[in-house]
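K.L.:
my_file_37.pdb (PDB, C-alpha atoms, pLDDT in the B column) pasted underneath:
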```pdb
ATOM      1  CA  PRO D   1       5.564  29.657   0.828  1.00 83.00           C
ATOM      2  CA  SER D   2       2.677  32.022   0.092  1.00 81.00           C
ATOM      3  CA  LEU D   3       3.095  33.468   3.608  1.00 87.00           C
ATOM      4  CA  ASN D   4       6.917  33.389   3.662  1.00 86.00           C
ATOM      5  CA  VAL D   5       6.700  31.390   6.889  1.00 87.00           C
ATOM      6  CA  ALA D   6       8.631  28.315   8.007  1.00 86.00           C
ATOM      7  CA  THR D   7       7.700  26.090  10.938  1.00 86.00           C
ATOM      8  CA  ILE D   8      10.580  24.154  12.498  1.00 86.00           C
ATOM      9  CA  TRP D   9      10.236  20.989  14.576  1.00 84.00           C
ATOM     10  CA  THR D  10      13.041  19.865  16.881  1.00 85.00           C
ATOM     11  CA  ALA D  11      13.168  16.633  18.877  1.00 85.00           C
ATOM     12  CA  ASN D  12      15.464  15.917  21.806  1.00 89.00           C
ATOM     13  CA  PRO D  13      15.832  12.787  23.964  1.00 90.00           C
ATOM     14  CA  VAL D  14      14.556  13.165  27.540  1.00 91.00           C
ATOM     15  CA  LYS D  15      13.712  10.918  30.447  1.00 93.00           C
ATOM     16  CA  GLU D  16      10.026  10.141  30.797  1.00 92.00           C
ATOM     17  CA  GLY D  17       8.217  13.039  32.440  1.00 93.00           C
ATOM     18  CA  GLU D  18      11.189  15.396  32.217  1.00 94.00           C
ATOM     19  CA  ALA D  19       9.740  17.668  29.537  1.00 93.00           C
ATOM     20  CA  ALA D  20       6.253  17.469  31.022  1.00 92.00           C
ATOM     21  CA  ALA D  21       7.693  18.759  34.284  1.00 94.00           C
ATOM     22  CA  ARG D  22       8.837  21.823  32.357  1.00 93.00           C
ATOM     23  CA  GLY D  23       5.350  22.460  30.980  1.00 93.00           C
ATOM     24  CA  ALA D  24       5.222  20.198  27.911  1.00 93.00           C
ATOM     25  CA  ILE D  25       2.008  18.441  26.960  1.00 90.00           C
ATOM     26  CA  LYS D  26       2.250  14.677  27.566  1.00 90.00           C
ATOM     27  CA  THR D  27       0.901  12.530  24.747  1.00 88.00           C
ATOM     28  CA  ASP D  28       0.241   8.800  24.943  1.00 85.00           C
ATOM     29  CA  GLY D  29      -0.234   8.328  21.195  1.00 86.00           C
ATOM     30  CA  TYR D  30       0.645   9.847  17.840  1.00 85.00           C
ATOM     31  CA  MET D  31       0.758  13.613  17.771  1.00 86.00           C
ATOM     32  CA  ASN D  32      -1.588  14.817  15.040  1.00 86.00           C
ATOM     33  CA  PHE D  33      -0.231  17.450  12.719  1.00 85.00           C
ATOM     34  CA  ARG D  34      -3.757  18.755  12.271  1.00 88.00           C
ATOM     35  CA  ASN D  35      -6.868  18.701  14.446  1.00 90.00           C
ATOM     36  CA  PRO D  36     -10.461  18.720  13.085  1.00 92.00           C
ATOM     37  CA  VAL D  37     -10.776  22.522  13.242  1.00 94.00           C
ATOM     38  CA  GLU D  38      -7.466  23.011  11.441  1.00 93.00           C
ATOM     39  CA  LYS D  39      -8.525  20.511   8.797  1.00 92.00           C
ATOM     40  CA  ALA D  40     -11.765  22.404   8.204  1.00 95.00           C
ATOM     41  CA  MET D  41      -9.852  25.667   7.865  1.00 95.00           C
ATOM     42  CA  LEU D  42      -7.407  24.126   5.412  1.00 92.00           C
ATOM     43  CA  GLN D  43     -10.301  22.799   3.334  1.00 92.00           C
ATOM     44  CA  GLN D  44     -11.684  26.337   3.293  1.00 95.00           C
ATOM     45  CA  TRP D  45      -8.252  27.586   2.157  1.00 93.00           C
ATOM     46  CA  LEU D  46      -8.349  25.101  -0.724  1.00 89.00           C
ATOM     47  CA  ARG D  47     -11.792  26.306  -1.814  1.00 92.00           C
ATOM     48  CA  LEU D  48     -10.786  29.972  -1.641  1.00 94.00           C
ATOM     49  CA  THR D  49      -7.569  29.328  -3.535  1.00 89.00           C
ATOM     50  CA  LYS D  50      -9.443  27.495  -6.273  1.00 87.00           C
ATOM     51  CA  LYS D  51     -11.817  30.484  -6.589  1.00 92.00           C
ATOM     52  CA  GLY D  52      -8.868  32.884  -6.829  1.00 91.00           C
ATOM     53  CA  ALA D  53      -9.643  34.640  -3.526  1.00 94.00           C
ATOM     54  CA  LEU D  54      -5.956  34.560  -2.612  1.00 91.00           C
ATOM     55  CA  GLU D  55      -5.811  37.286   0.041  1.00 93.00           C
ATOM     56  CA  GLU D  56      -8.739  35.790   1.931  1.00 96.00           C
ATOM     57  CA  ALA D  57      -7.111  32.370   1.574  1.00 94.00           C
ATOM     58  CA  LYS D  58      -3.887  33.687   3.106  1.00 93.00           C
ATOM     59  CA  GLN D  59      -5.762  34.902   6.175  1.00 96.00           C
ATOM     60  CA  VAL D  60      -7.320  31.472   6.654  1.00 96.00           C
ATOM     61  CA  LEU D  61      -3.927  29.810   6.277  1.00 94.00           C
ATOM     62  CA  ARG D  62      -2.456  32.110   8.926  1.00 95.00           C
ATOM     63  CA  HIS D  63      -5.173  30.929  11.319  1.00 96.00           C
ATOM     64  CA  VAL D  64      -4.200  27.320  10.584  1.00 93.00           C
ATOM     65  CA  LEU D  65      -0.536  27.971  11.323  1.00 92.00           C
ATOM     66  CA  ASN D  66      -1.266  29.992  14.456  1.00 94.00           C
ATOM     67  CA  SER D  67      -3.436  27.176  15.792  1.00 94.00           C
ATOM     68  CA  GLN D  68      -0.753  24.588  15.091  1.00 91.00           C
ATOM     69  CA  GLU D  69       1.932  26.687  16.758  1.00 90.00           C
ATOM     70  CA  ARG D  70      -0.125  27.030  19.938  1.00 91.00           C
ATOM     71  CA  ARG D  71      -1.039  23.344  20.040  1.00 90.00           C
ATOM     72  CA  LEU D  72       2.366  21.908  19.119  1.00 90.00           C
ATOM     73  CA  VAL D  73       4.667  24.383  20.799  1.00 91.00           C
ATOM     74  CA  HIS D  74       6.020  21.874  23.379  1.00 92.00           C
ATOM     75  CA  TYR D  75       5.071  18.231  23.892  1.00 92.00           C
ATOM     76  CA  GLU D  76       6.540  14.965  25.132  1.00 93.00           C
ATOM     77  CA  GLY D  77       5.890  11.445  23.937  1.00 91.00           C
ATOM     78  CA  GLN D  78       7.283   8.090  22.926  1.00 89.00           C
ATOM     79  CA  TYR D  79      10.003   8.394  20.289  1.00 83.00           C
ATOM     80  CA  ASN D  80       7.901   6.929  17.482  1.00 84.00           C
ATOM     81  CA  HIS D  81       4.884   9.077  18.373  1.00 84.00           C
ATOM     82  CA  VAL D  82       6.347  12.572  18.452  1.00 82.00           C
ATOM     83  CA  LEU D  83       6.712  13.018  14.691  1.00 77.00           C
ATOM     84  CA  CYS D  84       3.504  14.703  13.607  1.00 74.00           C
ATOM     85  CA  LYS D  85       1.179  12.617  11.468  1.00 69.00           C
ATOM     86  CA  GLU D  86      -1.785  13.394   9.250  1.00 68.00           C
ATOM     87  CA  ARG D  87      -3.171  10.080  10.449  1.00 64.00           C
ATOM     88  CA  ASN D  88      -6.607  11.269  11.552  1.00 68.00           C
ATOM     89  CA  HIS D  89      -7.218  14.640   9.908  1.00 75.00           C
ATOM     90  CA  GLY D  90      -5.361  14.505   6.636  1.00 77.00           C
ATOM     91  CA  ILE D  91      -6.150  16.134   3.320  1.00 81.00           C
ATOM     92  CA  PRO D  92      -5.841  13.759   0.327  1.00 80.00           C
ATOM     93  CA  HIS D  93      -2.662  14.713  -1.489  1.00 81.00           C
ATOM     94  CA  ALA D  94       0.250  13.303  -3.443  1.00 84.00           C
ATOM     95  CA  ASP D  95       3.885  14.045  -2.735  1.00 87.00           C
ATOM     96  CA  MET D  96       7.301  13.726  -4.334  1.00 91.00           C
ATOM     97  CA  GLU D  97      10.475  13.890  -2.247  1.00 94.00           C
ATOM     98  CA  LEU D  98      13.826  14.834  -3.772  1.00 95.00           C
ATOM     99  CA  ALA D  99      17.160  14.354  -2.012  1.00 96.00           C
ATOM    100  CA  PHE D 100      20.309  16.435  -2.535  1.00 97.00           C
ATOM    101  CA  ASP D 101      23.838  16.672  -1.283  1.00 97.00           C
ATOM    102  CA  LEU D 102      23.550  18.672   1.942  1.00 97.00           C
ATOM    103  CA  GLU D 103      26.161  21.118   0.650  1.00 97.00           C
ATOM    104  CA  LEU D 104      23.634  22.237  -1.962  1.00 97.00           C
ATOM    105  CA  SER D 105      20.932  23.078   0.585  1.00 96.00           C
ATOM    106  CA  GLU D 106      21.078  26.850   0.101  1.00 96.00           C
ATOM    107  CA  ARG D 107      20.662  26.516  -3.662  1.00 97.00           C
ATOM    108  CA  VAL D 108      17.848  23.983  -3.223  1.00 97.00           C
ATOM    109  CA  LEU D 109      15.883  26.285  -0.937  1.00 95.00           C
ATOM    110  CA  SER D 110      16.526  29.323  -3.123  1.00 95.00           C
ATOM    111  CA  ILE D 111      15.077  27.538  -6.159  1.00 96.00           C
ATOM    112  CA  ALA D 112      11.963  26.518  -4.212  1.00 94.00           C
ATOM    113  CA  TYR D 113      11.506  30.025  -2.812  1.00 92.00           C
ATOM    114  CA  ASP D 114      11.953  31.778  -6.161  1.00 93.00           C
ATOM    115  CA  HIS D 115       9.505  29.414  -7.821  1.00 93.00           C
ATOM    116  CA  ALA D 116       6.896  29.993  -5.117  1.00 90.00           C
ATOM    117  CA  GLN D 117       7.103  33.771  -5.603  1.00 89.00           C
ATOM    118  CA  SER D 118       6.015  33.523  -9.231  1.00 89.00           C
ATOM    119  CA  HIS D 119       3.763  30.448  -9.231  1.00 88.00           C
ATOM    120  CA  ARG D 120       0.645  29.450  -7.345  1.00 83.00           C
ATOM    121  CA  LEU D 121       1.464  26.179  -5.606  1.00 84.00           C
ATOM    122  CA  PRO D 122      -1.052  23.297  -5.680  1.00 85.00           C
ATOM    123  CA  TYR D 123      -0.728  22.816  -1.908  1.00 85.00           C
ATOM    124  CA  TYR D 124       0.127  25.088   0.959  1.00 83.00           C
ATOM    125  CA  ASN D 125       3.573  23.828   1.972  1.00 84.00           C
ATOM    126  CA  PHE D 126       6.668  21.823   1.264  1.00 87.00           C
ATOM    127  CA  GLU D 127       8.699  19.945   3.864  1.00 90.00           C
ATOM    128  CA  VAL D 128      12.457  19.828   4.479  1.00 94.00           C
ATOM    129  CA  ARG D 129      14.496  17.312   6.489  1.00 93.00           C
ATOM    130  CA  CYS D 130      18.104  16.086   6.689  1.00 94.00           C
ATOM    131  CA  THR D 131      19.662  12.638   7.186  1.00 95.00           C
ATOM    132  CA  GLN D 132      23.219  11.408   7.653  1.00 96.00           C
ATOM    133  CA  ARG D 133      25.176   9.635   4.934  1.00 96.00           C
ATOM    134  CA  ASP D 134      25.403   5.843   4.798  1.00 96.00           C
ATOM    135  CA  ASP D 135      26.954   3.174   2.587  1.00 94.00           C
ATOM    136  CA  ALA D 136      23.906   1.138   1.534  1.00 96.00           C
ATOM    137  CA  MET D 137      24.187   0.588  -2.212  1.00 93.00           C
ATOM    138  CA  LEU D 138      20.806   1.985  -3.239  1.00 92.00           C
ATOM    139  CA  SER D 139      20.292   4.305  -0.299  1.00 95.00           C
ATOM    140  CA  VAL D 140      19.410   7.848  -1.225  1.00 95.00           C
ATOM    141  CA  CYS D 141      22.014   8.874   1.375  1.00 96.00           C
ATOM    142  CA  ASN D 142      24.797   6.745  -0.110  1.00 95.00           C
ATOM    143  CA  GLY D 143      28.081   8.616   0.251  1.00 94.00           C
ATOM    144  CA  ARG D 144      26.659  11.994   1.190  1.00 95.00           C
ATOM    145  CA  ASP D 145      24.855  13.810   3.975  1.00 97.00           C
ATOM    146  CA  THR D 146      21.447  14.505   2.532  1.00 97.00           C
ATOM    147  CA  MET D 147      18.879  17.264   2.476  1.00 97.00           C
ATOM    148  CA  TRP D 148      15.357  16.266   1.435  1.00 96.00           C
ATOM    149  CA  ILE D 149      12.596  18.494   0.136  1.00 96.00           C
ATOM    150  CA  ASP D 150       9.073  17.122  -0.194  1.00 93.00           C
ATOM    151  CA  PHE D 151       6.703  18.756  -2.682  1.00 92.00           C
ATOM    152  CA  GLN D 152       2.981  18.208  -2.266  1.00 88.00           C
ATOM    153  CA  ALA D 153      -0.112  18.609  -4.395  1.00 86.00           C
ATOM    154  CA  CYS D 154      -3.764  17.904  -3.757  1.00 80.00           C
ATOM    155  CA  ALA D 155      -4.702  14.612  -5.314  1.00 69.00           C
ATOM    156  CA  GLY D 156      -5.917  15.252  -8.836  1.00 67.00           C
ATOM    157  CA  ASN D 157      -4.817  16.220 -12.315  1.00 62.00           C
ATOM    158  CA  MET D 158      -2.420  18.993 -11.320  1.00 69.00           C
ATOM    159  CA  GLN D 159       0.165  16.917  -9.494  1.00 76.00           C
ATOM    160  CA  LYS D 160       1.858  15.399 -12.538  1.00 78.00           C
ATOM    161  CA  SER D 161       2.567  18.735 -14.233  1.00 85.00           C
ATOM    162  CA  TYR D 162       3.689  20.315 -10.951  1.00 88.00           C
ATOM    163  CA  PHE D 163       6.031  17.461 -10.048  1.00 89.00           C
ATOM    164  CA  GLY D 164       7.440  17.436 -13.567  1.00 88.00           C
ATOM    165  CA  GLU D 165       8.091  21.155 -13.379  1.00 91.00           C
ATOM    166  CA  MET D 166       9.987  20.806 -10.097  1.00 92.00           C
ATOM    167  CA  GLU D 167      12.020  17.899 -11.466  1.00 90.00           C
ATOM    168  CA  ASP D 168      13.104  20.019 -14.425  1.00 91.00           C
ATOM    169  CA  LEU D 169      14.143  22.872 -12.131  1.00 94.00           C
ATOM    170  CA  TYR D 170      16.303  20.607  -9.984  1.00 94.00           C
ATOM    171  CA  THR D 171      17.803  18.311 -12.622  1.00 91.00           C
ATOM    172  CA  PRO D 172      21.093  20.311 -12.803  1.00 93.00           C
ATOM    173  CA  LEU D 173      21.689  19.659  -9.078  1.00 94.00           C
ATOM    174  CA  GLY D 174      21.710  15.874  -9.420  1.00 90.00           C
ATOM    175  CA  TYR D 175      18.938  14.807  -7.068  1.00 93.00           C
ATOM    176  CA  ARG D 176      17.930  11.340  -5.949  1.00 93.00           C
ATOM    177  CA  LYS D 177      14.328  10.407  -5.243  1.00 91.00           C
ATOM    178  CA  HIS D 178      12.580   8.815  -2.306  1.00 91.00           C
ATOM    179  CA  TRP D 179      11.884   5.306  -3.602  1.00 87.00           C
ATOM    180  CA  ALA D 180       8.218   5.419  -2.520  1.00 85.00           C
ATOM    181  CA  LYS D 181       7.253   8.974  -3.514  1.00 85.00           C
ATOM    182  CA  GLY D 182       6.477  10.193  -7.005  1.00 76.00           C
ATOM    183  CA  MET D 183       8.655   7.652  -8.802  1.00 73.00           C
ATOM    184  CA  ASP D 184       6.099   7.377 -11.612  1.00 67.00           C
ATOM    185  CA  HIS D 185       6.807  10.974 -12.609  1.00 67.00           C
ATOM    186  CA  MET D 186      10.429  10.452 -13.589  1.00 70.00           C
ATOM    187  CA  ASP D 187      12.630   9.062 -16.352  1.00 76.00           C
ATOM    188  CA  PRO D 188      14.137   6.083 -14.484  1.00 77.00           C
ATOM    189  CA  GLU D 189      17.487   6.347 -16.254  1.00 79.00           C
ATOM    190  CA  LYS D 190      18.042   9.813 -14.767  1.00 79.00           C
ATOM    191  CA  ILE D 191      17.394   8.366 -11.328  1.00 78.00           C
ATOM    192  CA  MET D 192      19.573   5.309 -11.608  1.00 80.00           C
ATOM    193  CA  VAL D 193      22.710   7.124 -12.773  1.00 84.00           C
ATOM    194  CA  GLN D 194      22.807   8.866  -9.382  1.00 87.00           C
ATOM    195  CA  TYR D 195      23.878   5.684  -7.557  1.00 89.00           C
ATOM    196  CA  PRO D 196      27.642   5.033  -7.767  1.00 87.00           C
ATOM    197  CA  GLN D 197      27.381   1.476  -6.426  1.00 90.00           C
ATOM    198  CA  LEU D 198      24.624   0.424  -8.791  1.00 88.00           C
ATOM    199  CA  PRO D 199      26.854  -1.886 -10.919  1.00 86.00           C
ATOM    200  CA  GLN D 200      27.929  -3.829  -7.806  1.00 90.00           C
ATOM    201  CA  PHE D 201      24.321  -4.049  -6.638  1.00 90.00           C
ATOM    202  CA  MET D 202      23.136  -5.395  -9.971  1.00 87.00           C
ATOM    203  CA  GLN D 203      25.906  -8.001  -9.989  1.00 89.00           C
ATOM    204  CA  ILE D 204      24.860  -9.215  -6.534  1.00 92.00           C
ATOM    205  CA  MET D 205      21.194  -9.160  -7.535  1.00 89.00           C
ATOM    206  CA  HIS D 206      21.963 -11.282 -10.583  1.00 88.00           C
ATOM    207  CA  GLU D 207      23.997 -13.794  -8.574  1.00 92.00           C
ATOM    208  CA  LEU D 208      21.498 -14.201  -5.735  1.00 94.00           C
ATOM    209  CA  ASP D 209      18.300 -14.033  -7.762  1.00 92.00           C
ATOM    210  CA  PRO D 210      19.065 -15.128 -11.348  1.00 89.00           C
ATOM    211  CA  GLU D 211      15.400 -15.962 -12.031  1.00 89.00           C
ATOM    212  CA  HIS D 212      14.205 -12.609 -10.610  1.00 86.00           C
ATOM    213  CA  LYS D 213      11.878 -14.304  -8.173  1.00 90.00           C
ATOM    214  CA  PHE D 214      12.060 -11.306  -5.849  1.00 90.00           C
ATOM    215  CA  SER D 215      11.514  -8.667  -8.518  1.00 87.00           C
ATOM    216  CA  ASN D 216       8.320  -6.979  -9.668  1.00 87.00           C
ATOM    217  CA  LYS D 217       7.117  -4.581 -12.354  1.00 84.00           C
ATOM    218  CA  HIS D 218       8.061  -1.517 -10.330  1.00 80.00           C
ATOM    219  CA  VAL D 219      11.641  -2.715  -9.779  1.00 81.00           C
ATOM    220  CA  ASP D 220      12.016  -3.887 -13.372  1.00 82.00           C
ATOM    221  CA  PHE D 221      10.833  -0.518 -14.635  1.00 80.00           C
ATOM    222  CA  PHE D 222      13.967   1.090 -13.229  1.00 78.00           C
ATOM    223  CA  PHE D 223      16.590  -1.576 -13.722  1.00 80.00           C
ATOM    224  CA  LYS D 224      15.615  -2.202 -17.332  1.00 77.00           C
ATOM    225  CA  SER D 225      16.273   1.445 -18.108  1.00 72.00           C
ATOM    226  CA  ILE D 226      20.000   0.985 -17.601  1.00 70.00           C
ATOM    227  CA  SER D 227      22.189   0.332 -20.591  1.00 53.00           C
ATOM    228  CA  PRO D 228      23.326  -3.323 -20.524  1.00 48.00           C
ATOM    229  CA  SER D 229      26.847  -3.751 -19.190  1.00 49.00           C
ATOM    230  CA  SER D 230      29.089  -6.766 -19.631  1.00 36.00           C
ATOM    231  CA  SER D 231      30.128  -8.905 -16.694  1.00 38.00           C
ATOM    232  CA  MET D 232      31.748 -12.280 -16.214  1.00 35.00           C
ATOM    233  CA  THR D 233      29.639 -15.107 -14.875  1.00 38.00           C
ATOM    234  CA  GLY D 234      30.940 -17.721 -12.485  1.00 39.00           C
ATOM    235  CA  ASP D 235      31.878 -20.119 -15.288  1.00 42.00           C
ATOM    236  CA  GLY D 236      33.980 -17.512 -17.111  1.00 38.00           C
ATOM    237  CA  LYS D 237      31.361 -16.764 -19.788  1.00 40.00           C
ATOM    238  CA  GLU D 238      30.290 -13.251 -20.573  1.00 38.00           C
ATOM    239  CA  ASP D 239      26.804 -12.130 -19.634  1.00 40.00           C
ATOM    240  CA  SER D 240      25.601  -9.081 -21.544  1.00 36.00           C
ATOM    241  CA  SER D 241      22.828  -7.956 -19.200  1.00 41.00           C
ATOM    242  CA  PHE D 242      21.344  -8.433 -15.762  1.00 38.00           C
ATOM    243  CA  LEU D 243      17.669  -8.551 -16.668  1.00 43.00           C
TER     244      LEU D 243
END
```
Could I get this structure in the form of structure tokens?

P.N.:
Amino acid sequence: PSLNVATIWTANPVKEGEAAARGAIKTDGYMNFRNPVEKAMLQQWLRLTKKGALEEAKQVLRHVLNSQERRLVHYEGQYNHVLCKERNHGIPHADMELAFDLELSERVLSIAYDHAQSHRLPYYNFEVRCTQRDDAMLSVCNGRDTMWIDFQACAGNMQKSYFGEMEDLYTPLGYRKHWAKGMDHMDPEKIMVQYPQLPQFMQIMHELDPEHKFSNKHVDFFFKSISPSSSMTGDGKEDSSFL
């Protein structure tokens, strides 16, 4: 965001060797989002940013992006290897991924852009992806095509305040959260009300696992936030809660 630059990855199915014949690099393993030189430059960017040398930091970041564009411009690999990973040259960071109705994508991006123009971000990028709707009861994509935006912060004290700030900005749009990213930064009740099939799910959960053998503290943290609702048990008696 500080450079007003977006990098876009596209993936298309091909027969083995087809893209390589057109000049693509052939990879036999995971494609690394960052090589050792790029990692060193990004670490330098972090140091410069922390010192407040923002213009010098921007120049370093441009070198990182230019290197990535040259290295990743066209490559071929196994389907589960082509998505870039920070597997070998990552920078320790935390992330929080919010999901929105795809129809709101322009507003979502505008909010992120406007915020980045007036605030120094704790990391150099955020990531955007889209997935198709489904009908799984607690799927983030339940009932709607979905746009995701992933906010990142270097691991440390700043991430909680930054994630909280972004949550507040996006609350009016009715987001859902990636179940494994940044869930500890959110009021669980605000998350759970976003799932229209939640009552049916809780009924099934109660019937199949009445002793909560397959639950844990993380799951309970969210389900216990929901106001108890009445339901009829199999013997016709009323049960006032699921947990």

K.L.:
Hey, which bits of stretch 121-233 of chain D sit within 10 Å of stretch 32-52 of chain D, and for each residue what's the closest pair of atoms and how far apart in Å (one decimal), counting all atoms listed in the file, rows by chain and increasing number, as a tab-separated table?

P.N.:
```
residue	atom	partner	partner_atom	distance
D:Leu121	CA	D:Thr49	CA	9.8
D:Pro122	CA	D:Leu46	CA	9.0
D:Tyr123	CA	D:Leu46	CA	8.0
D:Tyr124	CA	D:Leu46	CA	8.6
D:Cys154	CA	D:Leu46	CA	9.1
```

K.L.:
Please expand the PyMOL selection byres ((chain D and resi 225) around 9) into the concrete residues it hits in this file, giving the result as a VMD selection string.

P.N.:
chain D and resid 187 to 189 192 220 to 224 226 to 228

K.L.:
For the file shown, report as a PDB file with C-alpha atoms, in the frame of the given file the outcome of the PyMOL selection byres ((chain D and resi 200) around 12) at residue level.

P.N.:
```pdb
ATOM      1  CA  ALA D 136      23.906   1.138   1.534  1.00 96.00           C
ATOM      2  CA  MET D 137      24.187   0.588  -2.212  1.00 93.00           C
ATOM      3  CA  LEU D 138      20.806   1.985  -3.239  1.00 92.00           C
ATOM      4  CA  TYR D 195      23.878   5.684  -7.557  1.00 89.00           C
ATOM      5  CA  PRO D 196      27.642   5.033  -7.767  1.00 87.00           C
ATOM      6  CA  GLN D 197      27.381   1.476  -6.426  1.00 90.00           C
ATOM      7  CA  LEU D 198      24.624   0.424  -8.791  1.00 88.00           C
ATOM      8  CA  PRO D 199      26.854  -1.886 -10.919  1.00 86.00           C
ATOM      9  CA  PHE D 201      24.321  -4.049  -6.638  1.00 90.00           C
ATOM     10  CA  MET D 202      23.136  -5.395  -9.971  1.00 87.00           C
ATOM     11  CA  GLN D 203      25.906  -8.001  -9.989  1.00 89.00           C
ATOM     12  CA  ILE D 204      24.860  -9.215  -6.534  1.00 92.00           C
ATOM     13  CA  MET D 205      21.194  -9.160  -7.535  1.00 89.00           C
ATOM     14  CA  HIS D 206      21.963 -11.282 -10.583  1.00 88.00           C
ATOM     15  CA  GLU D 207      23.997 -13.794  -8.574  1.00 92.00           C
ATOM     16  CA  SER D 229      26.847  -3.751 -19.190  1.00 49.00           C
ATOM     17  CA  SER D 231      30.128  -8.905 -16.694  1.00 38.00           C
ATOM     18  CA  PHE D 242      21.344  -8.433 -15.762  1.00 38.00           C
TER      19      PHE D 242
END
```

K.L.:
With distances taken over only C-alpha atoms, which residue among D:Arg120, D:His81, D:Lys177, D:Arg22 lies nearest D:Phe100?

P.N.:
D:Lys177

K.L.:
Which one is closest to D:Asn4: D:Leu98, D:Asp134, D:Leu65, D:Thr146? Count only C-alpha atoms.

P.N.:
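Answer, going by the shortest atom-to-atom distance: D:Leu65.
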
K.L.:
Would you list the contacts of D:Glu167 as number ranges by chain, taking every protein, DNA or RNA residue within 12 Å and counting all atoms listed in the file, but skipping same-chain residues closer than 3 positions in sequence?

P.N.:
D: 96-99, 108, 111-112, 149-151, 160-164, 170-177, 182-183, 185-187, 190-191

K.L.:
Keeping only C-alpha atoms, write those residues as a PDB file, in the coordinates of the input.

P.N.:
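Done, and the output landed in part-v6.pdb:
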```pdb
ATOM      1  CA  MET D  96       7.301  13.726  -4.334  1.00 91.00           C
ATOM      2  CA  GLU D  97      10.475  13.890  -2.247  1.00 94.00           C
ATOM      3  CA  LEU D  98      13.826  14.834  -3.772  1.00 95.00           C
ATOM      4  CA  ALA D  99      17.160  14.354  -2.012  1.00 96.00           C
ATOM      5  CA  VAL D 108      17.848  23.983  -3.223  1.00 97.00           C
ATOM      6  CA  ILE D 111      15.077  27.538  -6.159  1.00 96.00           C
ATOM      7  CA  ALA D 112      11.963  26.518  -4.212  1.00 94.00           C
ATOM      8  CA  ILE D 149      12.596  18.494   0.136  1.00 96.00           C
ATOM      9  CA  ASP D 150       9.073  17.122  -0.194  1.00 93.00           C
ATOM     10  CA  PHE D 151       6.703  18.756  -2.682  1.00 92.00           C
ATOM     11  CA  LYS D 160       1.858  15.399 -12.538  1.00 78.00           C
ATOM     12  CA  SER D 161       2.567  18.735 -14.233  1.00 85.00           C
ATOM     13  CA  TYR D 162       3.689  20.315 -10.951  1.00 88.00           C
ATOM     14  CA  PHE D 163       6.031  17.461 -10.048  1.00 89.00           C
ATOM     15  CA  GLY D 164       7.440  17.436 -13.567  1.00 88.00           C
ATOM     16  CA  TYR D 170      16.303  20.607  -9.984  1.00 94.00           C
ATOM     17  CA  THR D 171      17.803  18.311 -12.622  1.00 91.00           C
ATOM     18  CA  PRO D 172      21.093  20.311 -12.803  1.00 93.00           C
ATOM     19  CA  LEU D 173      21.689  19.659  -9.078  1.00 94.00           C
ATOM     20  CA  GLY D 174      21.710  15.874  -9.420  1.00 90.00           C
ATOM     21  CA  TYR D 175      18.938  14.807  -7.068  1.00 93.00           C
ATOM     22  CA  ARG D 176      17.930  11.340  -5.949  1.00 93.00           C
ATOM     23  CA  LYS D 177      14.328  10.407  -5.243  1.00 91.00           C
ATOM     24  CA  GLY D 182       6.477  10.193  -7.005  1.00 76.00           C
ATOM     25  CA  MET D 183       8.655   7.652  -8.802  1.00 73.00           C
ATOM     26  CA  HIS D 185       6.807  10.974 -12.609  1.00 67.00           C
ATOM     27  CA  MET D 186      10.429  10.452 -13.589  1.00 70.00           C
ATOM     28  CA  ASP D 187      12.630   9.062 -16.352  1.00 76.00           C
ATOM     29  CA  LYS D 190      18.042   9.813 -14.767  1.00 79.00           C
ATOM     30  CA  ILE D 191      17.394   8.366 -11.328  1.00 78.00           C
TER      31      ILE D 191
END
```

K.L.:
May I ask which of the residues D:Pro1, D:Pro210, D:Gly23, D:Gly143 is the closest one to D:Glu76, counting all atoms listed in the file?

P.N.:
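Of all the options, D:Gly23 lies closest to D:Glu76.
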
K.L.:
What is the distance between atom CA of D:Trp9 and atom CA of D:Glu165, in Å to one decimal?

P.N.:
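We find that atom CA of D:Trp9 and atom CA of D:Glu165 lie 28.0 Å from each other.
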
K.L.:
Report, in Å with one decimal, the straight-line distance from atom CA of D:Met147 to atom CA of D:Cys130.

P.N.:
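Separation of atom CA of D:Met147 and atom CA of D:Cys130: 4.4 Å.
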
K.L.:
Expand the PyMOL selection byres ((chain D and resi 10-14) around 9) into the individual residues it matches in the shown file, reporting them as a ChimeraX atom specification.

P.N.:
/D:8-9,15-19,76,79,82-83

K.L.:
With distances taken over only C-alpha atoms, which of D:Leu61, D:Cys84, D:Ala94, D:Leu208 is nearest to D:Val5?

P.N.:
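The closest residue to D:Val5 is D:Leu61.
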
K.L.:
Quick check, in Å to one decimal: how far apart do atom CA of D:His178 and atom CA of D:Glu127 lie?

P.N.:
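A separation of 13.3 Å between them.
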